[in-house]
Amino acid sequence: MIDPTRSTAVHLLAQMSSGEVSAEEITRAYVDRAERLNPTLNVFLHRDVQKALDQAKAVDARRAAGDSLGPLAGIPVAIKDVLCTLGEPTTCGSRMLKSFRPPYDATVISKLRAADAVIVGKTNMDEFAMGSSTENSAYGPTRNPWDTTRIPGGSSGGSAVAVAADLAPISLGSDTGGSIRQPAALCGIVGLKPSYGRVSRYGLIAFASSLDQVGPFSHDLADTALLLGVIAGRDPMDSTSVDTPVPDYLGTLDTPPPSLRVGIVREYFGEGLDPEIEAAVREAVRVYEAAGATVREVSLPHSKYGGPAYYLVAPAECSSNLSRYDGTIFGHRAEDFSARTPEEESIPPLIRMMMASRAEGFGPEVKRRIMLGTFALSAGYADQYYNQALKVRRLIRNDFDNAFKDVDVLIGPTTPTAAFKLGEKTSDPLAMYLSDIYTITTNLAGIPGLSIPCGMTKSGLPIGLQLMAPAFAEETLLRTARVFEKATDWHSRRPGLS
Amino acid sequence: MDYTIIIGLEVHVQLLTESKMFSACGTDFGLPPNTQTDPVSLGMPGTLPVMNRKAFDLALKTAVALGAEIAAFTKWDRKNYYYPDLPKNYQISQYDLPFSRGGSIPIPVRKDGGGSRVRLTRVHLEEDTGKLTHGTGGFSEVDLNRAGIPLLEIVTEPDIRTVADAKGCLEELRLTLRYLGVSDCEMQEGSLRCDANINLHIPHEGRTVATPIVEIKNLNSFRSVERALQYEAERQYEKWKRDGLTIHDAHKETRGWNDPEGVTKPQRQKETAADYRYFPEPDLVPVEVDEPWIARIRATIGELPTERRQRFESDFGLSAYDANVLVEQGEEVADYFDAVVKATGEAKLASNWIQQDVLRIAKETKVSLAEFPVGAEGLADLINRVKRKELNTNQGREVLAKMIETGEPVDAVIAAGGYGMVSDQGEIVAAIEAAIAANPKAMDDLKGGKKKPEAVKGFLRGQVMKQTGGKADPALVSELLDAKLAELIG
């Protein structure tokens, strides 16, 4: 039996190919660990252990037969429950989709299967990926393995904890405003939001279509590069996926980037940033300087409008994307939709059914954003809100374009604070929204963003460093981050779970 | 009728594509409910639309043929509303940047009018919705076979001034779309749907008063378009006389045409106030149309109905009316005509034969021209024989009737019926003399001026034809009869 603690996908692949361990043993070890820890952490919403073990055994059999194997052969992967998996529950963390079993795989899932990965389970998340703590799940919160009284971040909290707590070496999440990077930072692991269009969104249940992107979680950048290489690329089923070549991210990872010009975003060091986080990020800057980087301060002057713009664009799109969940064709259907008030009696039964189904099926945060978005798009308000937000979005994009004229990557904190306590911000949506303040602008601009571990607070909570690069410069982003990873050992820290 | 009718049309046309507008799913009509669906057209979670380029090409072809201006940049928008025939509860459509603006539809010349053009506001592309059937037991059933079929929306300016012109415009549009091969335009099957906006301009106390605009829906045939508009014009006039309400006093009203009752009735709106919350569809990329693309599309457009009418008039010397009769009935008829003209060099003769015989008989026997037993070659053969005076016109008619009846070619029918024209002068003169001798009263009438000479001549010509078994060359009979009578009477 192997102990998955401290292992990574790249390491496990090497061990399998040298015959030290079998795929079945690996899957068994992770599955057993999940069996033990899941009741505490609440990572998985759905697992099919037998199916996972069968997949692993099949890899072993093919390896024994000398067949060629995919790049993730025998590697357990946890999947955020926002991604459709053929015939398996895909709930999106919502009561609305409690019984939904898609008749198709998301493109990224097809790619994982083609790479011979072993899918070990579907992970918990904020309902429809809306939230920053995984407390908005209809299936209970996921807990941070570094301190189980704290949140793991969100919305991809389950996938982040799956990796952080070694219930899987790698996992997939989705990031609309920080939903990969923020939980990665709060759980002490690596999380990448690729450029918009780098990875297919087909089969990713939409929150905000123009911002959503699928990306990897892992312990180190080698695994990030490996997994990104598998899932990236143009998909004819997604018109917004882009046909730019997918470089060999893993092959070039250890080659230092040809130029190392690092920009520090002035606006990311203002009010609200925890001093411990700031200190860790400043220390990271010194690590880069020591590695020979030229560091300069840059400005993203419209950053402060990022939050307001994001909370108009994302809810607007979500109000439309989620309108299909009305109990008519699919989604939760209310059993009782009788008129509750005399006024409701004049409403046709069909409309009452839709109203009751949506009232029961969605949680409060989803409803809040649907209402916000519906309002922002309404006649007479669209110019003031939605269209204004689109203008801001262009300004933010221009800010980044200007900044990248002088630097190759931008660095800053991923989050303003470390992981907070469960329940601490649930009654204050605005405070919750602020935890994505440094991550949302990359989604608005469509550029890649990466969070890597860069320190620990005095109370033992992880701190994340965010790196950003121009669109489709993931290779530069990973190689630049690798300079820091090589010089430090934050990425090898593991929570002290029993 | 002291008012002007103002009409504008909004036409929806399903494009003939093998797959839907934004998915690979099939589009066949008439299959069991919900069998022409896939995860994308059902709007299932996580699915994404991908534009059908063939549909876009057909849309471009239509707009180019209608003389519209093609936008260099066009995008998709979501039109949001809750309705069970709309699986996503939004329709992918085009809002502020449609792929085409302007253009026009000509109204063909009729005996009672026509001849103008109706300007187009815009043409845009969208996905069709599903279909609701309000079935038994108080339940409504949803069929999503239609959901996602490419749908072209063609909106005209309110340029139409008569009900007949509205029908003419719609018919010309259908004809053009069929010529282009972009749609089968079957109103009964719903591949062509038309809504009409109508109000009246009434001269009143030295100014013009406009009645409130009404949108008429549920027009399922050309006949219902005509009847509904006629009804609605009269209804609005009577209503105005009663209540005097004008366009400034009332909102636009939607009324449905009730065909059995022959009336329009107020329709309940889908929503109290339409706020579709349009915004750009983030799942699709904008489309940029360049000149080479338009040129490629233009090259696929053949001769259109208007051009064909003009050719029939200018090249063949047909009247506008005759040219229209041959063109308005579809490509089949005009192709048939073109083929007959090509084989005979006789446009007017061909036009007469086709209009007076072929189309009449086809209509009577309820067969299409494709099923008509005498093809263009057969008719051309017959016309050539008449032209060569092997047959006279009446014989030709009989031969054609026998050809249709027996399905035999011209030769066989002539041989079997013993047709052939008598052009022998001696034989005809003998018959004339015999006819005169047998009818002394006719000669008396002629001499005494009791009857008009033409009447008497007609009678005698008939007698001669009778004697020759209908085979005499009628022109020769007239000529020789005139000579004979001149000789006898002096």
# chains A, B, ... in the order shown; residues from 1 in each chain; ligands from 1
>>> closest_atom_pairs(of="chain A", to="chain B", cutoff="9 Å", atoms="only C-alpha atoms", output="CSV")
residue,atom,partner,partner_atom,distance
A:Val82,CA,B:Gly46,CA,8.4
A:Leu83,CA,B:Gly46,CA,7.6
A:Cys84,CA,B:Gly46,CA,7.0
A:Pro102,CA,B:Pro45,CA,8.0
A:Pro103,CA,B:Pro39,CA,7.7
A:Tyr104,CA,B:Pro39,CA,8.1
A:Ala106,CA,B:Gly46,CA,7.6
A:Arg201,CA,B:Gly46,CA,7.6
A:Tyr202,CA,B:Thr47,CA,5.6
A:Gly203,CA,B:Gly46,CA,4.0
A:Leu204,CA,B:Gly46,CA,4.7
A:Ile205,CA,B:Gly46,CA,3.9
A:Ala206,CA,B:Gly46,CA,5.9
A:Ala208,CA,B:Pro282,CA,8.5
A:Ser209,CA,B:Pro282,CA,5.8
A:Ser210,CA,B:Pro282,CA,5.3
A:Pro236,CA,B:Val50,CA,7.8
A:Met237,CA,B:Val50,CA,6.4
A:Asp238,CA,B:Leu48,CA,6.2
A:Ser239,CA,B:Leu284,CA,5.7
A:Thr240,CA,B:Val285,CA,6.4
A:Ala316,CA,B:Phe279,CA,8.8
A:Glu317,CA,B:Pro282,CA,8.1
A:Ser320,CA,B:Asn80,CA,6.8
A:Asn321,CA,B:Lys88,CA,7.7
A:Leu322,CA,B:Lys88,CA,8.4
A:Ser323,CA,B:Asn89,CA,5.7
A:Arg324,CA,B:Lys88,CA,4.4
A:Tyr325,CA,B:Lys88,CA,8.1
A:Asp326,CA,B:Asn89,CA,8.8
A:Thr328,CA,B:Pro84,CA,6.6
A:Ile329,CA,B:Pro87,CA,7.0
A:Phe330,CA,B:Met44,CA,8.1
A:Leu350,CA,B:Pro84,CA,8.7
A:Ile351,CA,B:Tyr82,CA,8.7
A:Thr374,CA,B:Arg277,CA,7.6
A:Ala376,CA,B:Arg277,CA,8.9
A:Leu377,CA,B:Arg277,CA,5.2
A:Ser378,CA,B:Arg277,CA,5.3
A:Ala379,CA,B:Asp275,CA,6.2
A:Ala382,CA,B:Arg277,CA,8.0
A:Tyr386,CA,B:Phe279,CA,8.8
>>> write_last_selection(atoms="N, CA and C atoms", output="tab-separated table (two decimals), in the first residue's frame")
chain	number	residue	atom	x	y	z
A	82	VAL	N	-20.03	20.58	-11.12
A	82	VAL	CA	-20.57	21.50	-12.13
A	82	VAL	C	-20.33	20.92	-13.53
A	83	LEU	N	-19.50	19.87	-13.60
A	83	LEU	CA	-19.15	19.28	-14.90
A	83	LEU	C	-19.99	18.02	-15.13
A	84	CYS	N	-20.60	17.95	-16.30
A	84	CYS	CA	-21.49	16.83	-16.62
A	84	CYS	C	-20.69	15.54	-16.82
A	102	PRO	N	-26.76	13.64	-16.55
A	102	PRO	CA	-26.62	14.07	-17.95
A	102	PRO	C	-26.41	12.89	-18.89
A	103	PRO	N	-27.03	12.93	-20.06
A	103	PRO	CA	-26.78	11.89	-21.06
A	103	PRO	C	-25.53	12.16	-21.88
A	104	TYR	N	-24.57	12.89	-21.34
A	104	TYR	CA	-23.35	13.22	-22.07
A	104	TYR	C	-22.26	13.58	-21.08
A	106	ALA	N	-19.06	16.12	-20.27
A	106	ALA	CA	-18.44	17.39	-20.64
A	106	ALA	C	-17.20	17.06	-21.47
A	201	ARG	N	-15.87	24.72	-22.61
A	201	ARG	CA	-16.91	24.82	-21.59
A	201	ARG	C	-18.08	23.87	-21.86
A	202	TYR	N	-17.98	23.07	-22.92
A	202	TYR	CA	-19.10	22.18	-23.22
A	202	TYR	C	-19.28	21.19	-22.07
A	203	GLY	N	-20.46	21.16	-21.49
A	203	GLY	CA	-20.73	20.26	-20.37
A	203	GLY	C	-20.41	20.87	-19.02
A	204	LEU	N	-19.91	22.09	-19.02
A	204	LEU	CA	-19.75	22.85	-17.77
A	204	LEU	C	-21.06	23.60	-17.56
A	205	ILE	N	-21.77	23.27	-16.50
A	205	ILE	CA	-23.07	23.92	-16.28
A	205	ILE	C	-22.83	25.40	-16.03
A	206	ALA	N	-23.44	26.21	-16.89
A	206	ALA	CA	-23.09	27.63	-16.93
A	206	ALA	C	-23.55	28.40	-15.70
A	208	ALA	N	-21.87	32.07	-15.46
A	208	ALA	CA	-21.80	33.27	-16.30
A	208	ALA	C	-20.92	32.93	-17.50
A	209	SER	N	-21.57	32.70	-18.63
A	209	SER	CA	-20.90	32.11	-19.79
A	209	SER	C	-19.67	32.87	-20.27
A	210	SER	N	-19.66	34.19	-20.16
A	210	SER	CA	-18.53	34.94	-20.71
A	210	SER	C	-17.36	34.99	-19.74
A	236	PRO	N	-14.92	21.80	-31.09
A	236	PRO	CA	-15.98	22.23	-32.03
A	236	PRO	C	-17.35	22.40	-31.37
A	237	MET	N	-17.51	21.83	-30.17
A	237	MET	CA	-18.80	21.98	-29.46
A	237	MET	C	-18.87	23.29	-28.66
A	238	ASP	N	-17.77	24.01	-28.58
A	238	ASP	CA	-17.75	25.29	-27.86
A	238	ASP	C	-17.20	26.37	-28.78
A	239	SER	N	-18.10	27.21	-29.28
A	239	SER	CA	-17.70	28.25	-30.24
A	239	SER	C	-16.71	29.24	-29.64
A	240	THR	N	-16.71	29.37	-28.31
A	240	THR	CA	-15.83	30.35	-27.70
A	240	THR	C	-14.46	29.76	-27.36
A	316	ALA	N	-26.26	39.03	-14.50
A	316	ALA	CA	-27.08	39.20	-15.70
A	316	ALA	C	-27.07	37.90	-16.51
A	317	GLU	N	-25.87	37.37	-16.75
A	317	GLU	CA	-25.78	36.14	-17.53
A	317	GLU	C	-26.42	34.97	-16.76
A	320	SER	N	-30.18	34.63	-16.99
A	320	SER	CA	-30.62	34.01	-18.24
A	320	SER	C	-30.26	32.52	-18.28
A	321	ASN	N	-29.01	32.20	-17.91
A	321	ASN	CA	-28.58	30.80	-17.93
A	321	ASN	C	-29.43	29.90	-17.04
A	322	LEU	N	-29.87	30.45	-15.92
A	322	LEU	CA	-30.60	29.62	-14.96
A	322	LEU	C	-32.12	29.64	-15.16
A	323	SER	N	-32.54	30.40	-16.19
A	323	SER	CA	-34.00	30.48	-16.38
A	323	SER	C	-34.57	29.15	-16.86
A	324	ARG	N	-33.72	28.28	-17.43
A	324	ARG	CA	-34.23	26.99	-17.92
A	324	ARG	C	-34.66	26.08	-16.77
A	325	TYR	N	-34.21	26.36	-15.56
A	325	TYR	CA	-34.59	25.48	-14.44
A	325	TYR	C	-35.93	25.94	-13.88
A	326	ASP	N	-36.99	25.44	-14.49
A	326	ASP	CA	-38.32	25.89	-14.08
A	326	ASP	C	-39.26	24.72	-13.79
A	328	THR	N	-40.24	22.51	-15.83
A	328	THR	CA	-41.03	22.09	-16.99
A	328	THR	C	-40.39	20.89	-17.68
A	329	ILE	N	-39.16	21.07	-18.17
A	329	ILE	CA	-38.50	19.98	-18.90
A	329	ILE	C	-37.59	19.20	-17.95
A	330	PHE	N	-36.79	19.90	-17.17
A	330	PHE	CA	-35.97	19.23	-16.17
A	330	PHE	C	-35.79	20.17	-14.99
A	350	LEU	N	-49.45	26.80	-14.66
A	350	LEU	CA	-48.10	26.58	-15.20
A	350	LEU	C	-47.10	27.55	-14.58
A	351	ILE	N	-47.49	28.82	-14.53
A	351	ILE	CA	-46.60	29.84	-13.97
A	351	ILE	C	-46.40	29.59	-12.48
A	374	THR	N	-31.59	40.01	-13.32
A	374	THR	CA	-32.84	40.33	-14.02
A	374	THR	C	-33.07	41.83	-14.01
A	376	ALA	N	-30.72	44.13	-13.64
A	376	ALA	CA	-29.68	44.82	-14.40
A	376	ALA	C	-29.95	44.80	-15.91
A	377	LEU	N	-30.72	43.80	-16.36
A	377	LEU	CA	-31.01	43.69	-17.80
A	377	LEU	C	-32.36	44.30	-18.18
A	378	SER	N	-33.12	44.74	-17.20
A	378	SER	CA	-34.49	45.19	-17.48
A	378	SER	C	-34.51	46.47	-18.30
A	379	ALA	N	-35.57	46.58	-19.08
A	379	ALA	CA	-35.77	47.78	-19.90
A	379	ALA	C	-35.73	48.99	-18.99
A	382	ALA	N	-31.02	48.68	-18.18
A	382	ALA	CA	-29.89	48.01	-18.82
A	382	ALA	C	-28.77	48.99	-19.15
A	386	TYR	N	-26.16	47.07	-16.88
A	386	TYR	CA	-25.48	46.05	-17.67
A	386	TYR	C	-24.54	46.66	-18.71
>>> residues_around(residues="region 189-205 of chain B", least_positions_apart="3", cutoff="9 Å", atoms="only C-alpha atoms", output="mmCIF file with N, CA and C atoms, in the first residue's frame")
data_model
loop_
_atom_site.group_PDB
_atom_site.id
_atom_site.type_symbol
_atom_site.label_atom_id
_atom_site.label_comp_id
_atom_site.auth_asym_id
_atom_site.auth_seq_id
_atom_site.Cartn_x
_atom_site.Cartn_y
_atom_site.Cartn_z
ATOM 1 N N ASP B 2 -63.827 55.397 -47.515
ATOM 2 C CA ASP B 2 -63.050 56.625 -47.519
ATOM 3 C C ASP B 2 -61.892 56.544 -46.515
ATOM 4 N N TYR B 3 -61.000 55.586 -46.706
ATOM 5 C CA TYR B 3 -59.817 55.506 -45.830
ATOM 6 C C TYR B 3 -58.702 54.756 -46.550
ATOM 7 N N THR B 4 -57.491 54.927 -46.036
ATOM 8 C CA THR B 4 -56.346 54.206 -46.583
ATOM 9 C C THR B 4 -55.953 53.112 -45.594
ATOM 10 N N ILE B 5 -55.688 51.924 -46.116
ATOM 11 C CA ILE B 5 -55.248 50.828 -45.238
ATOM 12 C C ILE B 5 -53.721 50.829 -45.198
ATOM 13 N N ILE B 6 -53.180 50.729 -43.993
ATOM 14 C CA ILE B 6 -51.731 50.686 -43.832
ATOM 15 C C ILE B 6 -51.369 49.294 -43.297
ATOM 16 N N ILE B 7 -50.581 48.561 -44.067
ATOM 17 C CA ILE B 7 -50.249 47.183 -43.657
ATOM 18 C C ILE B 7 -48.741 46.960 -43.696
ATOM 19 N N GLY B 8 -48.257 46.286 -42.680
ATOM 20 C CA GLY B 8 -46.866 45.808 -42.681
ATOM 21 C C GLY B 8 -46.883 44.343 -42.291
ATOM 22 N N LEU B 9 -45.959 43.574 -42.853
ATOM 23 C CA LEU B 9 -45.950 42.143 -42.559
ATOM 24 C C LEU B 9 -44.716 41.751 -41.760
ATOM 25 N N GLU B 10 -44.886 40.717 -40.936
ATOM 26 C CA GLU B 10 -43.754 40.123 -40.227
ATOM 27 C C GLU B 10 -43.818 38.631 -40.546
ATOM 28 N N VAL B 11 -42.845 38.180 -41.315
ATOM 29 C CA VAL B 11 -42.906 36.817 -41.832
ATOM 30 C C VAL B 11 -41.786 35.978 -41.218
ATOM 31 N N HIS B 12 -42.155 34.775 -40.789
ATOM 32 C CA HIS B 12 -41.150 33.834 -40.293
ATOM 33 C C HIS B 12 -41.045 32.666 -41.264
ATOM 34 N N VAL B 13 -39.828 32.348 -41.648
ATOM 35 C CA VAL B 13 -39.601 31.299 -42.632
ATOM 36 C C VAL B 13 -38.595 30.289 -42.082
ATOM 37 N N GLN B 14 -38.978 29.029 -42.079
ATOM 38 C CA GLN B 14 -38.025 27.982 -41.672
ATOM 39 C C GLN B 14 -37.091 27.686 -42.830
ATOM 40 N N LEU B 15 -35.808 27.642 -42.536
ATOM 41 C CA LEU B 15 -34.844 27.355 -43.592
ATOM 42 C C LEU B 15 -34.671 25.846 -43.764
ATOM 43 N N PHE B 29 -39.665 16.962 -40.797
ATOM 44 C CA PHE B 29 -41.015 17.336 -40.391
ATOM 45 C C PHE B 29 -41.889 16.086 -40.291
ATOM 46 N N GLY B 30 -42.823 16.108 -39.348
ATOM 47 C CA GLY B 30 -43.840 15.061 -39.310
ATOM 48 C C GLY B 30 -43.435 13.807 -38.557
ATOM 49 N N LEU B 151 -34.723 29.869 -38.308
ATOM 50 C CA LEU B 151 -35.900 30.655 -38.646
ATOM 51 C C LEU B 151 -35.455 32.045 -39.094
ATOM 52 N N PRO B 158 -44.347 49.493 -43.217
ATOM 53 C CA PRO B 158 -45.804 49.538 -43.430
ATOM 54 C C PRO B 158 -46.137 50.192 -44.777
ATOM 55 N N ALA B 166 -51.115 42.985 -50.110
ATOM 56 C CA ALA B 166 -50.528 42.215 -49.001
ATOM 57 C C ALA B 166 -50.387 40.765 -49.427
ATOM 58 N N LEU B 170 -46.835 38.708 -50.195
ATOM 59 C CA LEU B 170 -46.524 37.451 -49.505
ATOM 60 C C LEU B 170 -46.302 36.323 -50.524
ATOM 61 N N ARG B 174 -42.933 34.139 -51.147
ATOM 62 C CA ARG B 174 -42.900 32.679 -51.157
ATOM 63 C C ARG B 174 -42.263 32.155 -52.452
ATOM 64 N N SER B 183 -36.375 27.537 -48.593
ATOM 65 C CA SER B 183 -37.470 27.088 -47.733
ATOM 66 C C SER B 183 -38.560 26.471 -48.590
ATOM 67 N N ASP B 184 -39.314 25.523 -48.028
ATOM 68 C CA ASP B 184 -40.424 24.993 -48.815
ATOM 69 C C ASP B 184 -41.691 25.831 -48.631
ATOM 70 N N CYS B 185 -41.668 26.737 -47.662
ATOM 71 C CA CYS B 185 -42.744 27.729 -47.504
ATOM 72 C C CYS B 185 -44.135 27.123 -47.468
ATOM 73 N N GLU B 186 -44.346 26.110 -46.671
ATOM 74 C CA GLU B 186 -45.677 25.531 -46.543
ATOM 75 C C GLU B 186 -46.376 26.164 -45.345
ATOM 76 N N THR B 208 -55.816 63.875 -41.169
ATOM 77 C CA THR B 208 -55.853 62.426 -41.263
ATOM 78 C C THR B 208 -55.785 61.825 -39.875
ATOM 79 N N VAL B 209 -56.702 60.939 -39.579
ATOM 80 C CA VAL B 209 -56.745 60.275 -38.277
ATOM 81 C C VAL B 209 -56.287 58.836 -38.449
ATOM 82 N N ALA B 210 -55.385 58.395 -37.568
ATOM 83 C CA ALA B 210 -54.914 57.011 -37.649
ATOM 84 C C ALA B 210 -55.568 56.187 -36.553
ATOM 85 N N THR B 211 -56.039 55.003 -36.911
ATOM 86 C CA THR B 211 -56.652 54.123 -35.903
ATOM 87 C C THR B 211 -55.540 53.345 -35.180
ATOM 88 N N PRO B 212 -55.840 52.800 -33.997
ATOM 89 C CA PRO B 212 -54.813 52.033 -33.259
ATOM 90 C C PRO B 212 -54.326 50.833 -34.086
ATOM 91 N N ILE B 213 -53.018 50.544 -33.961
ATOM 92 C CA ILE B 213 -52.437 49.439 -34.733
ATOM 93 C C ILE B 213 -52.823 48.098 -34.114
ATOM 94 N N VAL B 214 -53.191 47.184 -34.975
ATOM 95 C CA VAL B 214 -53.512 45.832 -34.529
ATOM 96 C C VAL B 214 -52.571 44.851 -35.206
ATOM 97 N N GLU B 215 -52.016 43.931 -34.411
ATOM 98 C CA GLU B 215 -51.205 42.856 -34.978
ATOM 99 C C GLU B 215 -52.090 41.623 -35.060
ATOM 100 N N ILE B 216 -52.233 41.063 -36.268
ATOM 101 C CA ILE B 216 -53.066 39.870 -36.425
ATOM 102 C C ILE B 216 -52.169 38.646 -36.479
ATOM 103 N N LYS B 217 -52.486 37.684 -35.629
ATOM 104 C CA LYS B 217 -51.727 36.436 -35.595
ATOM 105 C C LYS B 217 -52.617 35.280 -36.043
ATOM 106 N N ASN B 218 -52.021 34.103 -36.097
ATOM 107 C CA ASN B 218 -52.743 32.883 -36.439
ATOM 108 C C ASN B 218 -53.258 32.890 -37.883
ATOM 109 N N LEU B 219 -52.449 33.408 -38.792
ATOM 110 C CA LEU B 219 -52.820 33.415 -40.208
ATOM 111 C C LEU B 219 -52.179 32.184 -40.852
ATOM 112 N N ASN B 220 -53.010 31.172 -41.112
ATOM 113 C CA ASN B 220 -52.442 29.886 -41.519
ATOM 114 C C ASN B 220 -52.529 29.573 -43.005
ATOM 115 N N SER B 221 -53.044 30.538 -43.784
ATOM 116 C CA SER B 221 -53.095 30.330 -45.228
ATOM 117 C C SER B 221 -53.117 31.691 -45.907
ATOM 118 N N VAL B 225 -54.919 35.289 -44.712
ATOM 119 C CA VAL B 225 -54.258 36.606 -44.680
ATOM 120 C C VAL B 225 -55.186 37.630 -45.313
ATOM 121 N N LEU B 229 -57.303 40.484 -43.085
ATOM 122 C CA LEU B 229 -57.002 41.901 -43.284
ATOM 123 C C LEU B 229 -58.257 42.665 -43.715
ATOM 124 N N GLU B 232 -60.449 42.990 -40.719
ATOM 125 C CA GLU B 232 -59.896 43.897 -39.715
ATOM 126 C C GLU B 232 -60.016 45.355 -40.152
ATOM 127 N N ALA B 233 -59.841 45.609 -41.447
ATOM 128 C CA ALA B 233 -59.986 46.983 -41.947
ATOM 129 C C ALA B 233 -61.414 47.468 -41.700
ATOM 130 N N GLN B 236 -62.047 47.958 -37.925
ATOM 131 C CA GLN B 236 -61.431 49.171 -37.372
ATOM 132 C C GLN B 236 -62.216 50.415 -37.777
ATOM 133 N N TYR B 237 -62.690 50.407 -39.012
ATOM 134 C CA TYR B 237 -63.439 51.578 -39.487
ATOM 135 C C TYR B 237 -64.746 51.727 -38.703
ATOM 136 N N ILE B 247 -54.756 56.187 -32.727
ATOM 137 C CA ILE B 247 -53.467 55.562 -32.375
ATOM 138 C C ILE B 247 -52.906 56.164 -31.083
#
>>> select_by_dssp(residues="region 273-369 of chain B", states="strand (DSSP E or B)", output="PyMOL selection string")
chain B and resi 279-280+287-288
>>> write_last_selection(atoms="C-alpha atoms", output="PDB file, in the first residue's frame")
ATOM      1  CA  PHE B 279     -28.266  40.935 -24.204  1.00  0.00           C
ATOM      2  CA  PRO B 280     -25.451  39.553 -26.384  1.00  0.00           C
ATOM      3  CA  VAL B 287     -20.099  36.685 -37.378  1.00  0.00           C
ATOM      4  CA  GLU B 288     -18.073  38.815 -39.751  1.00  0.00           C
TER       5      GLU B 288
END
>>> residues_around(residues="region 471-476 of chain A", least_positions_apart="3", cutoff="9 Å", atoms="only C-alpha atoms", output="PyMOL selection string")
chain A and resi 194-198+225+244+247-250+252-253+256-258+408-409+445-449+468+479-481
>>> closest_residue(among="A:Arg150, A:Arg181, A:Arg28, A:Arg494", to="Val118 (chain A)", atoms="only C-alpha atoms")
A:Arg28
>>> select_by_dssp(residues="region 295-405 of chain B", states="helix (DSSP H, G or I)", output="count of residues only")
80
>>> residues_around(residues="Ala34 (chain A)", least_positions_apart="2", cutoff="10 Å", atoms="only C-alpha atoms", output="JSON, numbers by chain")
{"A": [28, 29, 30, 31, 32, 36, 37, 38, 39, 40, 41, 42, 43, 44, 47, 120, 121, 162, 165, 166, 167, 168]}
>>> residues_around(residues="Glu69 (chain B)", least_positions_apart="5", cutoff="7 Å", atoms="only C-alpha atoms", output="compact mmCIF listing (two decimals) with N, CA and C atoms, in the first residue's frame")
# COMPACT_ATOMS: atom_id res chain seq x y z
N SER B 100 -28.84 41.68 -41.69
CA SER B 100 -29.24 42.39 -42.91
C SER B 100 -30.28 43.47 -42.62
N ARG B 101 -30.20 44.55 -43.37
CA ARG B 101 -31.19 45.62 -43.27
C ARG B 101 -31.59 46.03 -44.69
N GLY B 102 -32.81 46.56 -44.81
CA GLY B 102 -33.27 47.07 -46.10
C GLY B 102 -33.60 45.96 -47.08
N GLY B 103 -33.66 46.35 -48.36
CA GLY B 103 -34.12 45.43 -49.38
C GLY B 103 -35.60 45.63 -49.64
>>> atom_distance(atom1="CA of Arg461 (chain B)", atom2="CA of Val399 (chain B)")
21.9 Å
>>> decode(residues="region 309-329 of chain A", atoms="C-alpha atoms", output="PDB file, in the first residue's frame")
ATOM      1  CA  ALA A 309     -18.895  45.411 -13.020  1.00  0.00           C
ATOM      2  CA  TYR A 310     -18.531  41.744 -12.146  1.00  0.00           C
ATOM      3  CA  TYR A 311     -21.606  41.751  -9.940  1.00  0.00           C
ATOM      4  CA  LEU A 312     -23.648  43.093 -12.845  1.00  0.00           C
ATOM      5  CA  VAL A 313     -22.249  41.019 -15.726  1.00  0.00           C
ATOM      6  CA  ALA A 314     -22.167  37.684 -13.878  1.00  0.00           C
ATOM      7  CA  PRO A 315     -25.678  37.934 -12.377  1.00  0.00           C
ATOM      8  CA  ALA A 316     -27.083  39.198 -15.703  1.00  0.00           C
ATOM      9  CA  GLU A 317     -25.782  36.135 -17.525  1.00  0.00           C
ATOM     10  CA  CYS A 318     -26.766  33.839 -14.664  1.00  0.00           C
ATOM     11  CA  SER A 319     -30.337  35.174 -14.644  1.00  0.00           C
ATOM     12  CA  SER A 320     -30.618  34.013 -18.242  1.00  0.00           C
ATOM     13  CA  ASN A 321     -28.582  30.798 -17.931  1.00  0.00           C
ATOM     14  CA  LEU A 322     -30.596  29.619 -14.963  1.00  0.00           C
ATOM     15  CA  SER A 323     -33.999  30.480 -16.384  1.00  0.00           C
ATOM     16  CA  ARG A 324     -34.231  26.991 -17.918  1.00  0.00           C
ATOM     17  CA  TYR A 325     -34.587  25.485 -14.442  1.00  0.00           C
ATOM     18  CA  ASP A 326     -38.325  25.888 -14.079  1.00  0.00           C
ATOM     19  CA  GLY A 327     -39.555  22.350 -13.479  1.00  0.00           C
ATOM     20  CA  THR A 328     -41.028  22.087 -16.990  1.00  0.00           C
ATOM     21  CA  ILE A 329     -38.496  19.984 -18.899  1.00  0.00           C
TER      22      ILE A 329
END
